[in-house]
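Pasting entry.tsv here (TSV, C-alpha atoms):
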```
chain	number	residue	atom	x	y	z
A	1	MET	CA	80.57	78.56	108.65
A	2	LEU	CA	81.76	82.07	107.80
A	3	LEU	CA	82.45	83.34	104.29
A	4	ALA	CA	85.14	86.04	104.19
A	5	LEU	CA	85.93	88.01	101.03
A	6	ASP	CA	88.85	90.40	100.61
A	7	MET	CA	88.29	92.34	97.37
A	8	GLY	CA	91.45	93.94	96.01
A	9	ASN	CA	92.13	95.67	92.72
A	10	THR	CA	93.44	92.50	91.08
A	11	ASN	CA	91.93	89.56	92.96
A	12	ILE	CA	89.11	88.70	95.34
A	13	THR	CA	90.43	86.36	98.03
A	14	ILE	CA	87.84	83.94	99.35
A	15	GLY	CA	88.17	82.39	102.79
A	16	ILE	CA	85.87	79.91	104.51
A	17	PHE	CA	86.08	79.54	108.29
A	18	GLU	CA	84.63	76.62	110.17
A	19	GLY	CA	84.97	76.17	113.92
A	20	GLY	CA	87.20	79.24	114.07
A	21	LYS	CA	89.72	77.79	111.60
A	22	LEU	CA	90.37	78.63	107.96
A	23	ARG	CA	89.02	75.64	106.04
A	24	LEU	CA	89.96	76.79	102.55
A	25	GLU	CA	91.24	79.76	100.58
A	26	SER	CA	90.73	80.55	96.92
A	27	ARG	CA	90.75	83.50	94.53
A	28	ILE	CA	88.82	84.91	91.61
A	29	ALA	CA	89.74	87.86	89.41
A	30	THR	CA	88.38	91.31	90.17
A	31	ASP	CA	86.51	92.42	87.06
A	32	HIS	CA	84.53	95.66	86.83
A	33	THR	CA	82.56	94.37	83.85
A	34	LYS	CA	80.99	91.38	85.62
A	35	MET	CA	77.45	91.50	86.95
A	36	GLU	CA	76.32	90.09	90.29
A	37	ASP	CA	75.01	86.87	88.71
A	38	GLN	CA	78.40	86.24	87.12
A	39	TYR	CA	80.19	86.67	90.44
A	40	ALA	CA	77.56	84.47	92.09
A	41	VAL	CA	78.20	81.69	89.56
A	42	GLU	CA	81.97	81.88	90.09
A	43	LEU	CA	81.59	81.82	93.86
A	44	LEU	CA	79.15	78.92	93.71
A	45	ASP	CA	81.49	76.98	91.40
A	46	ILE	CA	84.36	77.35	93.88
A	47	LEU	CA	82.23	76.26	96.83
A	48	ARG	CA	81.03	73.18	94.97
A	49	LEU	CA	84.53	72.42	93.71
A	50	TYR	CA	85.66	72.03	97.31
A	51	GLY	CA	82.50	70.30	98.51
A	52	VAL	CA	81.16	73.22	100.53
A	53	ASN	CA	77.40	73.43	101.04
A	54	GLU	CA	76.40	77.03	100.33
A	55	GLN	CA	73.37	76.71	102.59
A	56	GLU	CA	75.46	76.12	105.72
A	57	PHE	CA	76.89	79.63	106.04
A	58	GLU	CA	75.89	81.48	109.19
A	59	GLY	CA	77.46	84.76	108.14
A	60	ALA	CA	79.66	86.60	105.67
A	61	ILE	CA	81.99	89.60	105.77
A	62	ILE	CA	83.61	91.65	103.00
A	63	SER	CA	86.61	93.96	102.87
A	64	SER	CA	86.84	96.03	99.70
A	65	VAL	CA	89.08	98.65	98.13
A	66	VAL	CA	86.91	98.71	94.97
A	67	PRO	CA	83.81	100.73	95.98
A	68	PRO	CA	82.04	100.46	92.57
A	69	LEU	CA	81.81	96.69	93.07
A	70	ASN	CA	80.66	96.68	96.70
A	71	HIS	CA	76.96	96.35	95.95
A	72	VAL	CA	77.60	93.79	93.20
A	73	ILE	CA	79.63	91.52	95.50
A	74	ARG	CA	77.19	91.88	98.40
A	75	ARG	CA	74.27	90.86	96.21
A	76	ALA	CA	76.25	87.94	94.77
A	77	VAL	CA	77.03	86.66	98.27
A	78	GLU	CA	73.38	87.02	99.29
A	79	LYS	CA	72.22	85.04	96.25
A	80	VAL	CA	74.64	82.19	96.92
A	81	THR	CA	74.51	81.91	100.72
A	82	GLY	CA	71.22	83.54	101.69
A	83	VAL	CA	73.00	85.69	104.31
A	84	SER	CA	73.53	89.45	104.23
A	85	PRO	CA	77.28	90.13	104.50
A	86	LEU	CA	78.92	92.74	106.71
A	87	LEU	CA	80.97	95.30	104.78
A	88	ILE	CA	83.99	96.82	106.50
A	89	GLY	CA	83.26	100.51	106.91
A	90	PRO	CA	81.61	103.04	109.22
A	91	GLY	CA	79.65	101.46	112.03
A	92	ILE	CA	81.69	98.25	112.10
A	93	LYS	CA	83.46	97.54	115.39
A	94	THR	CA	87.13	96.68	114.93
A	95	GLY	CA	88.69	97.40	118.32
A	96	MET	CA	91.33	99.52	116.57
A	97	ASP	CA	91.89	103.13	117.66
A	98	VAL	CA	92.56	104.97	114.38
A	99	ARG	CA	94.27	108.35	114.68
A	100	ILE	CA	95.06	109.70	111.25
A	101	ASP	CA	94.07	113.00	109.63
A	102	ASN	CA	90.85	111.56	108.21
A	103	PRO	CA	89.96	108.09	109.55
A	104	ALA	CA	87.21	107.76	106.91
A	105	GLN	CA	89.93	107.60	104.23
A	106	LEU	CA	91.64	104.56	105.72
A	107	GLY	CA	91.50	101.63	103.32
A	108	ALA	CA	89.54	98.64	104.56
A	109	ASP	CA	92.43	96.32	103.73
A	110	LEU	CA	94.86	98.33	105.85
A	111	LEU	CA	92.49	98.31	108.80
A	112	VAL	CA	91.76	94.60	108.55
A	113	GLY	CA	95.46	93.75	108.23
A	114	ALA	CA	96.31	95.86	111.27
A	115	VAL	CA	93.63	94.16	113.39
A	116	ALA	CA	95.00	90.71	112.51
A	117	ALA	CA	98.64	91.70	112.95
A	118	VAL	CA	98.13	93.15	116.42
A	119	ALA	CA	96.09	90.12	117.48
A	120	GLN	CA	98.85	87.75	116.38
A	121	PHE	CA	102.06	89.70	116.94
A	122	GLY	CA	101.09	92.39	119.44
A	123	ALA	CA	101.75	96.13	119.38
A	124	PRO	CA	103.80	97.97	118.25
A	125	CYS	CA	103.59	96.47	114.80
A	126	ILE	CA	104.56	97.35	111.23
A	127	ILE	CA	102.39	95.70	108.56
A	128	TRP	CA	103.43	95.36	104.91
A	129	ASP	CA	101.01	94.36	102.15
A	130	LEU	CA	102.71	93.65	98.82
A	131	GLY	CA	99.99	93.49	96.20
A	132	THR	CA	98.86	95.79	93.40
A	133	ALA	CA	100.14	98.55	95.66
A	134	THR	CA	102.82	98.14	98.32
A	135	THR	CA	101.52	99.57	101.58
A	136	VAL	CA	102.92	99.81	105.07
A	137	SER	CA	100.80	100.49	108.17
A	138	VAL	CA	102.03	101.39	111.64
A	139	VAL	CA	100.41	100.58	114.99
A	140	ASP	CA	102.18	102.11	117.99
A	141	LYS	CA	102.89	100.53	121.38
A	142	ASN	CA	99.50	101.70	122.67
A	143	GLY	CA	97.66	99.87	119.90
A	144	VAL	CA	96.87	103.09	118.01
A	145	PHE	CA	96.86	103.05	114.20
A	146	ARG	CA	99.13	105.96	113.27
A	147	GLY	CA	99.24	105.82	109.47
A	148	GLY	CA	101.82	104.56	107.00
A	149	ALA	CA	103.00	104.86	103.43
A	150	ILE	CA	101.81	103.78	99.97
A	151	MET	CA	104.05	102.88	97.04
A	152	PRO	CA	103.45	101.38	93.59
A	153	GLY	CA	103.35	97.60	93.77
A	154	VAL	CA	106.50	95.92	92.49
A	155	GLY	CA	104.50	94.03	89.84
A	156	VAL	CA	102.80	97.18	88.58
A	157	SER	CA	106.10	99.08	88.56
A	158	PHE	CA	107.94	96.54	86.45
A	159	ASP	CA	105.01	95.93	84.09
A	160	THR	CA	104.93	99.67	83.45
A	161	LEU	CA	108.69	99.75	82.98
A	162	ALA	CA	108.55	96.93	80.43
A	163	SER	CA	105.73	98.63	78.52
A	164	ARG	CA	107.59	101.95	78.30
A	165	ALA	CA	111.14	100.75	77.67
A	166	SER	CA	111.41	98.96	74.33
A	167	GLN	CA	114.49	96.92	75.29
A	168	LEU	CA	113.03	95.64	78.57
A	169	GLN	CA	110.61	92.76	79.01
A	170	ARG	CA	108.28	91.33	81.63
A	171	ILE	CA	110.02	89.14	84.16
A	172	SER	CA	109.26	86.43	86.71
A	173	PHE	CA	109.63	87.62	90.31
A	174	GLU	CA	112.37	85.41	91.63
A	175	ALA	CA	115.73	86.36	93.06
A	176	PRO	CA	118.80	85.92	90.85
A	177	ASP	CA	121.96	84.39	92.31
A	178	LYS	CA	123.66	87.78	92.68
A	179	VAL	CA	122.58	91.34	93.37
A	180	ILE	CA	124.80	92.50	90.50
A	181	GLY	CA	122.92	91.18	87.49
A	182	GLY	CA	124.96	89.95	84.54
A	183	ASN	CA	122.19	90.38	81.99
A	184	THR	CA	119.02	92.38	81.51
A	185	ILE	CA	116.61	89.86	83.05
A	186	ALA	CA	118.83	89.18	86.06
A	187	SER	CA	119.30	92.92	86.57
A	188	MET	CA	115.55	93.52	86.54
A	189	GLN	CA	114.96	90.59	88.90
A	190	SER	CA	117.60	91.95	91.24
A	191	GLY	CA	115.93	95.34	91.27
A	192	ALA	CA	112.49	93.82	91.84
A	193	VAL	CA	113.43	91.41	94.63
A	194	TYR	CA	116.57	92.73	96.32
A	195	GLY	CA	115.62	96.34	95.69
A	196	THR	CA	112.17	95.90	97.24
A	197	ALA	CA	113.64	93.91	100.17
A	198	ALA	CA	116.11	96.72	100.83
A	199	MET	CA	113.24	99.23	100.72
A	200	LEU	CA	111.33	97.23	103.35
A	201	ASP	CA	114.41	97.10	105.58
A	202	GLY	CA	115.10	100.81	105.16
A	203	MET	CA	111.52	101.94	105.71
A	204	CYS	CA	111.25	99.80	108.86
A	205	ASP	CA	114.40	101.45	110.19
A	206	ARG	CA	112.97	104.91	109.57
A	207	ILE	CA	109.58	104.02	111.07
A	208	GLU	CA	111.19	102.66	114.23
A	209	GLN	CA	113.34	105.77	114.44
A	210	GLU	CA	110.21	107.94	114.38
A	211	LEU	CA	108.42	105.73	116.90
A	212	GLY	CA	111.41	105.68	119.21
A	213	TYR	CA	111.27	101.92	119.79
A	214	PRO	CA	111.42	98.64	117.85
A	215	ALA	CA	108.30	96.98	116.46
A	216	ALA	CA	107.26	93.57	115.23
A	217	VAL	CA	107.07	93.38	111.43
A	218	VAL	CA	104.68	91.23	109.41
A	219	ALA	CA	104.13	91.04	105.66
A	220	THR	CA	101.36	89.68	103.47
A	221	GLY	CA	100.35	89.87	99.82
A	222	GLY	CA	101.08	87.80	96.76
A	223	LEU	CA	104.68	88.92	96.24
A	224	GLY	CA	105.53	89.13	99.92
A	225	ARG	CA	106.90	85.61	100.39
A	226	GLU	CA	109.73	85.97	97.87
A	227	ILE	CA	110.60	89.51	98.99
A	228	VAL	CA	110.65	88.78	102.74
A	229	ARG	CA	113.07	85.88	102.24
A	230	HIS	CA	115.72	88.40	101.20
A	231	CYS	CA	115.15	91.05	103.85
A	232	ARG	CA	117.96	91.45	106.38
A	233	ARG	CA	115.68	92.05	109.32
A	234	GLU	CA	113.23	89.56	110.77
A	235	ILE	CA	109.84	89.86	109.06
A	236	ALA	CA	107.06	87.32	109.58
A	237	TYR	CA	105.08	86.37	106.48
A	238	ASP	CA	101.38	85.53	106.67
A	239	ASP	CA	99.54	85.08	103.38
A	240	THR	CA	96.14	84.79	105.09
A	241	LEU	CA	96.55	87.84	107.34
A	242	LEU	CA	93.57	89.75	105.92
A	243	LEU	CA	91.26	86.74	106.07
A	244	THR	CA	92.19	86.34	109.74
A	245	GLY	CA	91.41	90.01	110.30
A	246	LEU	CA	88.01	89.60	108.69
A	247	PHE	CA	87.23	86.65	110.94
A	248	LEU	CA	88.25	88.61	114.06
A	249	ILE	CA	86.15	91.62	113.07
A	250	TYR	CA	83.15	89.43	112.29
A	251	GLU	CA	83.42	87.90	115.76
A	252	LYS	CA	83.34	91.40	117.28
A	253	ASN	CA	80.19	92.32	115.36
A	254	LYS	CA	78.06	89.19	115.23
A	255	LYS	CA	74.87	89.27	117.23
```
Could I get this file's structure written as structure tokens?
Amino acid sequence: MLLALDMGNTNITIGIFEGGKLRLESRIATDHTKMEDQYAVELLDILRLYGVNEQEFEGAIISSVVPPLNHVIRRAVEKVTGVSPLLIGPGIKTGMDVRIDNPAQLGADLLVGAVAAVAQFGAPCIIWDLGTATTVSVVDKNGVFRGGAIMPGVGVSFDTLASRASQLQRISFEAPDKVIGGNTIASMQSGAVYGTAAMLDGMCDRIEQELGYPAAVVATGGLGREIVRHCRREIAYDDTLLLTGLFLIYEKNKK
């Protein structure tokens, strides 16, 4: 079995692969105050909850955008599984040709998502990740990672708005019946869902204009499912895209 961990700013997504297939997926909260033993206990609890024997792992791989926790998570995985995990970074083979100003600055999550998207949908490809941040990555028709754009995540944006505007409140992210909201909550929901969907459509149009040709579009991330449903262009949604990318990269690097 393979243990794959995608550590984001809000959650750590846990994936377990067996026989090349994703057996289960779970999540724990990303917390800078936790020590390695605490993460190890949480990980072990999840494995035992689903009847997974922690001693049967042959390997592990981690993608992280939270560098201060990298060592903590690696040690926690080692304590639970007895294997030393691969960490996405320099020296790891991905098969992706990255041509941006400074390849060392490319986020591990963006790289992993691009690897999975190209493997499943081909190149050229536009990859959206709607999480704490909303990111878009672009792989051209030659399979070259060209860069992308980063925006505040829709959840973060509206939480900040509610905290700074006394007459606004936190909302659930679901689409109202109409774009033109008839009350404050419906208006905020319209902006969050329809507004973000329109942004995805518009950015894809501009990216394809710069590329000079159309591209497949895939989205992932916790808020992606609801947003993609209201986009006007065809966008595939894959909530396990990054776990798939981790599996593919592990296969390229295992000895």
Residue with smallest distance to Ile61 of chain A - pool A:Leu106, A:Ala133, A:Leu246, A:Ile180, counting only C-alpha atoms: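 When distances to Ile61 of chain A are compared using only C-alpha atoms, the smallest one comes from A:Leu246.
With only C-alpha atoms taken into account, the protein and nucleic acid residues at most 8 Å from Leu248 of chain A (excluding it and anything under 3 positions from it in its own chain) are Val115, Ala116, Thr244, Gly245, Glu251 and Lys252 of chain A.
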Close residues, segment 29-31 of chain A itself excluded, 9 Å, all atoms listed in the file, min 6 positions apart in chain, as JSON, numbers by chain: {"A": [7, 8, 9, 10, 11, 12, 13, 66, 69]}
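The neighbours of Ser137 of chain A here are the residues that come within 6 Å of it, using only C-alpha atoms and leaving out any residue fewer than 5 positions away in the same chain; they are Ile126, Ile127, Gly147 and Gly148 of chain A.
Reported to one decimal place, the separation of atom CA of Asp239 of chain A from atom CA of Asp6 of chain A is 12.3 Å.
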Which of A:Met151, A:Leu242, A:Ala76, A:Val112 sits closest to Leu200 of chain A [using all atoms listed in the file]: A:Met151
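Using only C-alpha atoms, the smallest distance between any of A:Ser190, A:Leu243, A:Ser63, A:Gly182 and Leu2 of chain A comes from A:Leu243.
Atom to atom, atom CA of Val80 of chain A and atom CA of Ala114 of chain A stand 29.4 Å apart.
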For atom CA of Val41 of chain A and atom CA of Arg23 of chain A, the interatomic separation in Å (one decimal): 20.6 Å
Minimum-distance residue to Arg74 of chain A, chosen among A:Ala117, A:Leu47, A:Val98, A:Ala40 (using only C-alpha atoms):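 Checking each of A:Ala117, A:Leu47, A:Val98, A:Ala40 against Arg74 of chain A, counting only C-alpha atoms, the winner is A:Ala40.
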Who sits within 9 Å of segment 220-228 of chain A, all atoms listed in the file, same chain under 3 positions skipped, as a compact mmCIF listing (two decimals) with C-alpha atoms, keeping the file's coordinate frame:
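Output saved as selection_7.txt:
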```txt
# COMPACT_ATOMS: atom_id res chain seq x y z
CA GLY A 113 95.46 93.75 108.23
CA ILE A 127 102.39 95.70 108.56
CA TRP A 128 103.43 95.36 104.91
CA ASP A 129 101.01 94.36 102.15
CA LEU A 130 102.71 93.65 98.82
CA GLY A 131 99.99 93.49 96.20
CA THR A 132 98.86 95.79 93.40
CA THR A 134 102.82 98.14 98.32
CA VAL A 154 106.50 95.92 92.49
CA GLY A 155 104.50 94.03 89.84
CA PHE A 173 109.63 87.62 90.31
CA GLU A 174 112.37 85.41 91.63
CA ALA A 175 115.73 86.36 93.06
CA ALA A 192 112.49 93.82 91.84
CA VAL A 193 113.43 91.41 94.63
CA TYR A 194 116.57 92.73 96.32
CA THR A 196 112.17 95.90 97.24
CA ALA A 197 113.64 93.91 100.17
CA LEU A 200 111.33 97.23 103.35
CA CYS A 231 115.15 91.05 103.85
CA ARG A 232 117.96 91.45 106.38
CA ARG A 233 115.68 92.05 109.32
CA GLU A 234 113.23 89.56 110.77
CA ILE A 235 109.84 89.86 109.06
CA ALA A 236 107.06 87.32 109.58
CA TYR A 237 105.08 86.37 106.48
CA ASP A 238 101.38 85.53 106.67
CA ASP A 239 99.54 85.08 103.38
CA THR A 240 96.14 84.79 105.09
CA LEU A 241 96.55 87.84 107.34
CA LEU A 242 93.57 89.75 105.92
```
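The nearest approach to Gly95 of chain A among the residues A:Tyr250, A:Tyr39, A:Phe158, A:Tyr213, with all atoms listed in the file taken into account, belongs to A:Tyr250.
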Let me have the centre and edge lengths of the axis-aligned box enclosing all listed atoms of segment 125-138 of chain A with 3 Å padding on every side, in Å to one decimal, as lines of an AutoDock Vina configuration file.
```
center_x = 101.7
center_y = 97.4
center_z = 104.1
size_x = 11.7
size_y = 13.9
size_z = 27.4
```
Residue nearest Ala4 of chain A among A:Phe247, A:Pro214, A:Gln55, A:Leu24 (counting only C-alpha atoms):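 When distances to Ala4 of chain A are compared using only C-alpha atoms, the smallest one comes from A:Phe247.
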